[in-house]
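*Asks:* Pasting entry-v6.csv below, which is CSV, C-alpha atoms and all ligand atoms.
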chain,number,residue,atom,x,y,z
J,845,MET,CA,101.5,86.2,100.4
J,846,THR,CA,99.1,84.4,102.8
J,847,ASN,CA,96.6,86.8,104.6
J,848,ASN,CA,95.0,86.1,108.0
J,849,ILE,CA,92.8,89.1,108.4
J,850,ASP,CA,90.8,88.9,111.6
J,851,ASN,CA,88.8,92.1,111.2
J,852,LYS,CA,88.2,94.8,108.7
J,853,GLU,CA,90.0,97.6,110.6
J,854,SER,CA,93.2,95.5,110.8
J,855,ALA,CA,93.2,94.9,107.1
J,856,LEU,CA,95.1,97.3,104.8
J,857,ARG,CA,93.4,98.0,101.5
J,858,ILE,CA,96.2,98.4,98.9
J,859,HIS,CA,96.3,99.4,95.3
J,860,ASP,CA,99.7,97.8,94.6
J,861,TRP,CA,103.2,97.4,96.1
J,862,ARG,CA,106.7,97.0,94.7
J,863,LEU,CA,109.8,95.5,96.3
J,864,ALA,CA,113.3,96.9,95.9
J,865,VAL,CA,113.0,100.2,94.1
J,866,ARG,CA,116.1,102.4,94.4
J,867,ASP,CA,116.2,106.0,95.5
J,868,VAL,CA,112.6,106.9,94.5
J,869,LEU,CA,110.0,108.0,97.0
J,870,GLY,CA,112.7,107.9,99.7
J,871,PRO,CA,116.4,107.0,99.9
J,872,GLY,CA,118.1,103.7,99.3
J,873,ILE,CA,116.6,100.4,98.4
J,874,ARG,CA,113.0,100.3,99.6
J,875,ALA,CA,109.6,98.8,99.2
J,876,VAL,CA,106.7,101.0,98.2
J,877,VAL,CA,103.1,100.3,99.1
J,878,TRP,CA,100.3,102.3,97.5
J,879,VAL,CA,97.2,102.2,99.6
J,880,GLN,CA,93.8,102.2,97.9
J,881,GLY,CA,91.3,105.0,98.7
J,882,CYS,CA,91.7,108.8,98.8
J,883,SER,CA,88.9,111.4,99.4
J,884,LEU,CA,91.0,114.5,98.6
J,885,HIS,CA,90.8,114.3,94.8
J,886,CYS,CA,93.5,116.9,94.0
J,887,ASP,CA,93.3,118.3,90.5
J,888,ASP,CA,95.7,116.5,88.1
J,889,CYS,CA,96.5,113.7,90.6
J,890,ILE,CA,98.8,111.2,88.8
J,891,ALA,CA,97.0,108.2,90.4
J,892,PRO,CA,93.2,108.7,90.3
J,893,GLU,CA,92.8,105.0,90.1
J,894,THR,CA,93.7,104.9,93.8
J,895,TRP,CA,90.8,107.1,94.8
J,896,SER,CA,88.0,104.4,95.1
J,897,LYS,CA,87.7,102.8,98.5
J,898,GLU,CA,86.1,99.7,97.1
J,899,SER,CA,88.8,98.5,94.6
J,900,GLY,CA,92.3,97.2,95.2
J,901,SER,CA,92.8,94.3,97.6
J,902,LEU,CA,92.8,93.7,101.3
J,903,VAL,CA,96.0,92.4,102.9
J,904,ASP,CA,97.1,91.7,106.5
J,905,PRO,CA,99.8,94.5,107.2
J,906,HIS,CA,101.8,92.0,109.3
J,907,VAL,CA,102.0,89.5,106.5
J,908,LEU,CA,102.9,92.3,104.0
J,909,ALA,CA,105.7,93.4,106.3
J,910,GLU,CA,107.0,89.8,106.7
J,911,THR,CA,107.0,89.4,102.9
J,912,ILE,CA,108.9,92.7,102.4
J,913,LEU,CA,111.4,91.8,105.2
J,914,LYS,CA,112.3,88.5,103.5
J,915,ASN,CA,114.3,90.7,101.1
J,916,GLU,CA,117.4,91.5,103.1
J,917,THR,CA,118.4,94.3,100.8
J,918,ILE,CA,115.4,96.5,101.9
J,919,GLU,CA,116.4,99.6,103.8
J,920,GLY,CA,113.0,101.1,104.3
J,921,VAL,CA,109.4,101.3,103.2
J,922,THR,CA,107.4,104.1,101.7
J,923,VAL,CA,103.6,104.2,102.1
J,924,SER,CA,101.9,106.4,99.4
J,925,GLY,CA,98.6,106.3,97.7
J,926,GLY,CA,95.8,106.8,97.8
J,927,GLU,CA,95.7,108.5,101.2
J,928,PRO,CA,97.5,106.5,103.9
J,929,THR,CA,95.9,108.5,106.7
J,930,GLU,CA,92.5,107.2,105.8
J,931,GLN,CA,93.6,103.8,107.1
J,932,PRO,CA,95.7,104.8,110.1
J,933,TYR,CA,95.3,101.7,112.2
J,934,ALA,CA,96.5,99.3,109.5
J,935,VAL,CA,99.2,101.6,108.2
J,936,ALA,CA,100.5,102.0,111.8
J,937,GLU,CA,100.7,98.2,112.0
J,938,LEU,CA,102.8,97.9,108.8
J,939,LEU,CA,105.1,100.7,109.9
J,940,ALA,CA,105.5,99.3,113.4
J,941,CYS,CA,106.7,96.0,112.0
J,942,MET,CA,109.2,97.8,109.7
J,943,LYS,CA,110.5,100.0,112.6
J,944,LEU,CA,110.9,96.9,114.8
J,945,ALA,CA,113.1,95.4,112.1
J,946,GLY,CA,115.2,98.6,112.0
J,947,LYS,CA,114.0,100.0,108.7
J,948,ASN,CA,113.2,103.6,107.9
J,949,THR,CA,109.7,104.7,107.1
J,950,TRP,CA,108.3,107.4,104.8
J,951,VAL,CA,104.6,108.3,104.4
J,952,TYR,CA,103.0,110.5,101.8
J,953,SER,CA,99.9,112.3,102.8
J,954,GLY,CA,97.7,115.0,101.1
J,955,HIS,CA,97.0,116.4,104.5
J,956,THR,CA,99.5,118.8,106.2
J,957,LEU,CA,101.0,117.7,109.5
J,958,ASP,CA,99.0,120.4,111.3
J,959,GLU,CA,95.8,119.0,109.8
J,960,LEU,CA,96.7,115.5,110.9
J,961,VAL,CA,97.6,116.5,114.5
J,962,ALA,CA,94.4,118.6,114.8
J,963,LYS,CA,92.3,115.5,114.2
J,964,ASN,CA,93.3,114.2,117.6
J,965,ASP,CA,92.9,110.6,116.4
J,966,PRO,CA,94.9,108.1,118.5
J,967,ASP,CA,95.3,105.7,115.5
J,968,LEU,CA,96.7,108.6,113.4
J,969,ASP,CA,99.0,109.8,116.2
J,970,ARG,CA,100.3,106.2,116.5
J,971,MET,CA,100.8,106.0,112.8
J,972,LEU,CA,102.8,109.3,112.9
J,973,SER,CA,104.9,107.9,115.8
J,974,PHE,CA,106.2,105.2,113.5
J,975,THR,CA,106.8,107.6,110.6
J,976,ASP,CA,110.4,108.8,110.1
J,977,VAL,CA,109.6,111.2,107.2
J,978,LEU,CA,106.2,112.6,106.3
J,979,VAL,CA,105.8,114.2,102.8
J,980,ASP,CA,102.8,116.4,103.5
J,981,GLY,CA,100.3,118.5,101.6
J,982,ARG,CA,97.9,118.2,98.7
J,983,PHE,CA,99.3,118.1,95.1
J,984,ASP,CA,99.0,121.6,93.8
J,985,LYS,CA,99.1,121.6,90.0
J,986,MET,CA,99.9,125.4,90.0
J,987,SER,CA,103.2,124.8,91.7
J,988,ALA,CA,104.0,121.4,90.2
J,989,GLY,CA,107.6,121.1,88.9
J,990,ILE,CA,110.8,119.2,89.3
J,991,TYR,CA,111.3,118.4,93.0
J,992,THR,CA,113.0,115.7,94.9
J,993,CYS,CA,110.5,113.1,96.2
J,994,ARG,CA,107.5,115.5,95.9
J,995,GLY,CA,105.2,116.8,93.1
J,996,SER,CA,104.6,120.4,94.0
J,997,GLU,CA,106.4,123.2,95.8
J,998,ASN,CA,104.0,123.4,98.7
J,999,GLN,CA,104.6,119.9,99.8
J,1000,ARG,CA,107.2,119.5,102.6
J,1001,ILE,CA,109.6,116.7,103.5
J,1002,LEU,CA,109.3,116.6,107.3
J,1003,HIS,CA,111.6,114.5,109.5
J,1004,LEU,CA,109.2,113.7,112.3
J,1005,GLN,CA,111.6,111.9,114.5
J,1006,ASP,CA,114.3,114.7,114.3
J,1007,LEU,CA,112.4,117.9,114.6
J,1008,GLY,CA,115.7,119.9,114.3
J,1009,GLN,CA,115.8,118.8,110.6
J,1010,MET,CA,112.5,119.9,109.2
J,1011,GLU,CA,113.3,119.9,105.5
J,1012,ASP,CA,116.1,118.9,103.1
J,1013,SER,CA,116.3,122.4,101.7
J,1014,ASP,CA,120.0,122.0,100.8
J,1015,VAL,CA,119.5,119.0,98.6
J,1016,LYS,CA,119.5,119.8,94.8
J,1017,GLU,CA,116.0,119.4,93.5
J,1018,GLN,CA,115.6,116.7,91.0
J,1019,SER,CA,113.0,114.1,89.9
J,1020,ARG,CA,113.9,110.5,90.2
J,1021,LEU,CA,111.8,107.8,88.6
J,1022,GLU,CA,112.1,104.0,88.2
J,1023,ILE,CA,110.5,102.8,85.0
J,1024,THR,CA,110.0,99.1,84.3
J,1025,LEU,CA,108.4,97.2,81.4
J,1026,ASP,CA,106.7,93.9,82.0
J,1027,LYS,CA,106.5,91.0,79.6
J,1028,ASP,CA,103.0,92.3,78.4
J,1029,GLY,CA,104.5,95.6,77.5
J,1030,GLN,CA,103.0,97.5,80.4
J,1031,MET,CA,105.2,100.2,81.7
J,1032,PHE,CA,105.2,100.8,85.4
J,1033,VAL,CA,106.5,104.2,86.7
J,1034,VAL,CA,107.5,104.6,90.4
J,1035,GLY,CA,108.2,108.1,91.6
J,1036,VAL,CA,106.8,111.6,91.1
J,1037,PRO,CA,107.2,112.6,87.5
J,1038,PRO,CA,107.5,116.3,86.4
J,1039,PRO,CA,104.4,117.8,84.8
J,1040,GLU,CA,103.6,116.3,81.4
J,1041,PHE,CA,106.6,113.9,81.6
J,1042,LEU,CA,104.6,110.8,81.1
J,1043,ASN,CA,102.5,112.1,78.2
J,1044,LYS,CA,105.7,113.4,76.5
J,1045,LEU,CA,107.4,110.0,77.0
J,1046,LYS,CA,104.4,108.1,75.6
J,1047,ASP,CA,104.3,110.4,72.6
J,1048,ALA,CA,108.0,110.1,71.9
J,1049,LEU,CA,107.8,106.3,72.1
J,1050,PHE,CA,104.7,106.3,69.9
J,1051,ARG,CA,106.6,108.4,67.2
J,1052,ARG,CA,109.2,105.6,67.2
J,1053,GLY,CA,106.5,102.9,66.7
J,1054,VAL,CA,106.4,101.8,70.4
J,1055,GLN,CA,102.9,101.8,72.0
J,1056,VAL,CA,102.8,101.6,75.8
J,1057,ASP,CA,100.3,101.5,78.5
J,1058,TYR,CA,101.5,102.9,81.7
J,1059,LYS,CA,100.6,102.7,85.4
J,1060,SER,CA,102.1,105.2,87.7
J,1061,GLY,CA,102.5,105.1,91.4
J,1062,GLY,CA,103.4,108.5,92.9
D,1,LIG,S1,97.7,113.5,94.8
D,1,LIG,FE1,97.6,112.1,96.6
D,1,LIG,S2,96.3,113.2,98.1
D,1,LIG,FE2,95.9,114.2,96.1
D,1,LIG,S3,94.2,113.0,95.1
D,1,LIG,FE3,96.1,112.0,94.4
D,1,LIG,S4,96.4,110.4,95.9
D,1,LIG,FE4,95.0,111.8,96.9
Please render this file's structure as structure tokens.
*Replies:*
Amino acid sequence: MTNNIDNKESALRIHDWRLAVRDVLGPGIRAVVWVQGCSLHCDDCIAPETWSKESGSLVDPHVLAETILKNETIEGVTVSGGEPTEQPYAVAELLACMKLAGKNTWVYSGHTLDELVAKNDPDLDRMLSFTDVLVDGRFDKMSAGIYTCRGSENQRILHLQDLGQMEDSDVKEQSRLEITLDKDGQMFVVGVPPPEFLNKLKDALFRRGVQVDYKSGG
């Protein structure tokens, strides 16, 4: 991916991204982008490595979108983190490119929709205007469990472009994860795992003589 970043605000600081995951962090075949940087620091966050605002890498959101769109199977993009609303200008640029190409867009934020609207930030409002589905609210370890596309009960799946459909309350709750192993033995987990799932999986593999490092992207 070639990056032509003309100024800092237009650059997107990302932790990682994955192409063509299926039915995790949103429906269908999608790309997932984890942004770098989160000030919220929820207790038991599954991705504290995304908190720092200095690490990760800077990319041009237009170039990232172009790279994603080269894969014709992609139906949508999910932006998770990290906290996407801490980089609203660059995230809006990525989402705008995806919407222009007819793809669906999901965004995960630790802030509630009400909190985001109350900020009165034009960049944030623009970002929300390109967001089909917002999964909102901090991760609350006291209500963590097995939920579809979210980690704790307080978090909501909000269809922003169709306000008649606020939440998928009729969908059976289940966790969906995509787990891949690279050639160096590092396991990569995409999705929101139930509490303690990753530790139990690691222990079960260890008892069978398999030692793994894992990286997770919620
Ligand atoms: S769960 Fe999300 S909002 Fe909370 S600290 Fe982790 S990355 Fe930030």
*Asks:* Quick one: of J:Gly1053, J:Gly881, J:Pro905, J:Pro1038, who's nearest to Ala936 of chain J, counting only C-alpha atoms?
*Replies:*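 Of all the options, J:Pro905 lies closest to Ala936 of chain J.
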*Asks:* Counting all atoms listed in the file, which residues of segment 934-1029 of chain J fall within 12 Å of segment 908-921 of chain J, and what is the closest atom pair for each with its distance in Å at one decimal, ordered by chain and rising number, as a tab-separated table?
*Replies:*
residue	atom	partner	partner_atom	distance
J:Ala934	CA	J:Leu908	CA	11.0
J:Val935	CA	J:Ala909	CA	10.6
J:Ala936	CA	J:Ala909	CA	11.5
J:Glu937	CA	J:Ala909	CA	9.0
J:Leu938	CA	J:Ala909	CA	5.9
J:Leu939	CA	J:Val921	CA	8.0
J:Ala940	CA	J:Ala909	CA	9.2
J:Cys941	CA	J:Ala909	CA	6.3
J:Met942	CA	J:Ala909	CA	6.6
J:Lys943	CA	J:Gly920	CA	8.7
J:Leu944	CA	J:Ala909	CA	10.6
J:Ala945	CA	J:Leu913	CA	8.0
J:Gly946	CA	J:Glu919	CA	8.3
J:Lys947	CA	J:Gly920	CA	4.6
J:Asn948	CA	J:Gly920	CA	4.4
J:Thr949	CA	J:Val921	CA	5.2
J:Trp950	CA	J:Val921	CA	6.4
J:Val951	CA	J:Val921	CA	8.6
J:Tyr952	CA	J:Val921	CA	11.3
J:Phe974	CA	J:Val921	CA	11.5
J:Thr975	CA	J:Val921	CA	10.1
J:Asp976	CA	J:Gly920	CA	10.0
J:Val977	CA	J:Val921	CA	10.7
*Asks:* So, with all atoms listed in the file as the atoms that count, which of J:Gly995, J:Gly900, J:Pro871, J:Pro932 lies closest to Glu1040 of chain J?
*Replies:* J:Gly995
*Asks:* Given the choices J:Asn1043, J:Ser854, J:Thr956, J:Thr894, which gets closest to ligand LIG 1 (chain D) if the distance is worked out from all atoms listed in the file?
*Replies:* J:Thr894
*Asks:* May I have the residues within 8 Å of Gly981 of chain J as a list in words, using all atoms listed in the file and disregarding those fewer than 5 positions away in the same chain?
*Replies:*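 The contact residues come out as Ser953, Gly954, His955, Thr956, Leu957, Asn998, Gln999 and Arg1000 of chain J.
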*Asks:* Using only C-alpha atoms, which protein or nucleic acid residues come within 7 Å of Ala988 of chain J? Drop anything in the same chain fewer than 5 positions from it, and give the result as a PDB file with C-alpha atoms, in the frame of the given file.
*Replies:*
ATOM      1  CA  GLY J 995     105.200 116.800  93.100  1.00  0.00           C
ATOM      2  CA  SER J 996     104.600 120.400  94.000  1.00  0.00           C
ATOM      3  CA  GLU J 997     106.400 123.200  95.800  1.00  0.00           C
ATOM      4  CA  PRO J1039     104.400 117.800  84.800  1.00  0.00           C
TER       5      PRO J1039
END
*Asks:* Could you give me, as CSV, every chain J residue with an atom at most 7 Å from ligand LIG 1 (chain D), plus its closest atom pair and distance in Å to one decimal, counting only C-alpha atoms and all ligand atoms, rows ordered by chain then number?
*Replies:*
residue,atom,partner,partner_atom,distance
J:Cys882,CA,D:LIG1,FE4,4.8
J:Ser883,CA,D:LIG1,FE4,6.6
J:Leu884,CA,D:LIG1,S3,5.0
J:His885,CA,D:LIG1,S3,3.7
J:Cys886,CA,D:LIG1,S3,4.1
J:Cys889,CA,D:LIG1,FE3,4.2
J:Ile890,CA,D:LIG1,FE3,6.3
J:Ala891,CA,D:LIG1,FE3,5.6
J:Pro892,CA,D:LIG1,FE3,6.0
J:Thr894,CA,D:LIG1,S4,6.5
J:Trp895,CA,D:LIG1,S4,6.6
J:Gly925,CA,D:LIG1,S4,5.0
J:Gly926,CA,D:LIG1,S4,4.1
J:Glu927,CA,D:LIG1,FE4,5.5
J:Ser953,CA,D:LIG1,S2,6.0
J:Gly954,CA,D:LIG1,S2,3.8
J:Arg982,CA,D:LIG1,FE2,5.2
J:Phe983,CA,D:LIG1,S1,4.9
*Asks:* Provide the atom CA of Pro966 of chain J to atom CA of Tyr933 of chain J distance in Å, to one decimal place.
*Replies:*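 Those two atoms sit 9.0 Å apart.
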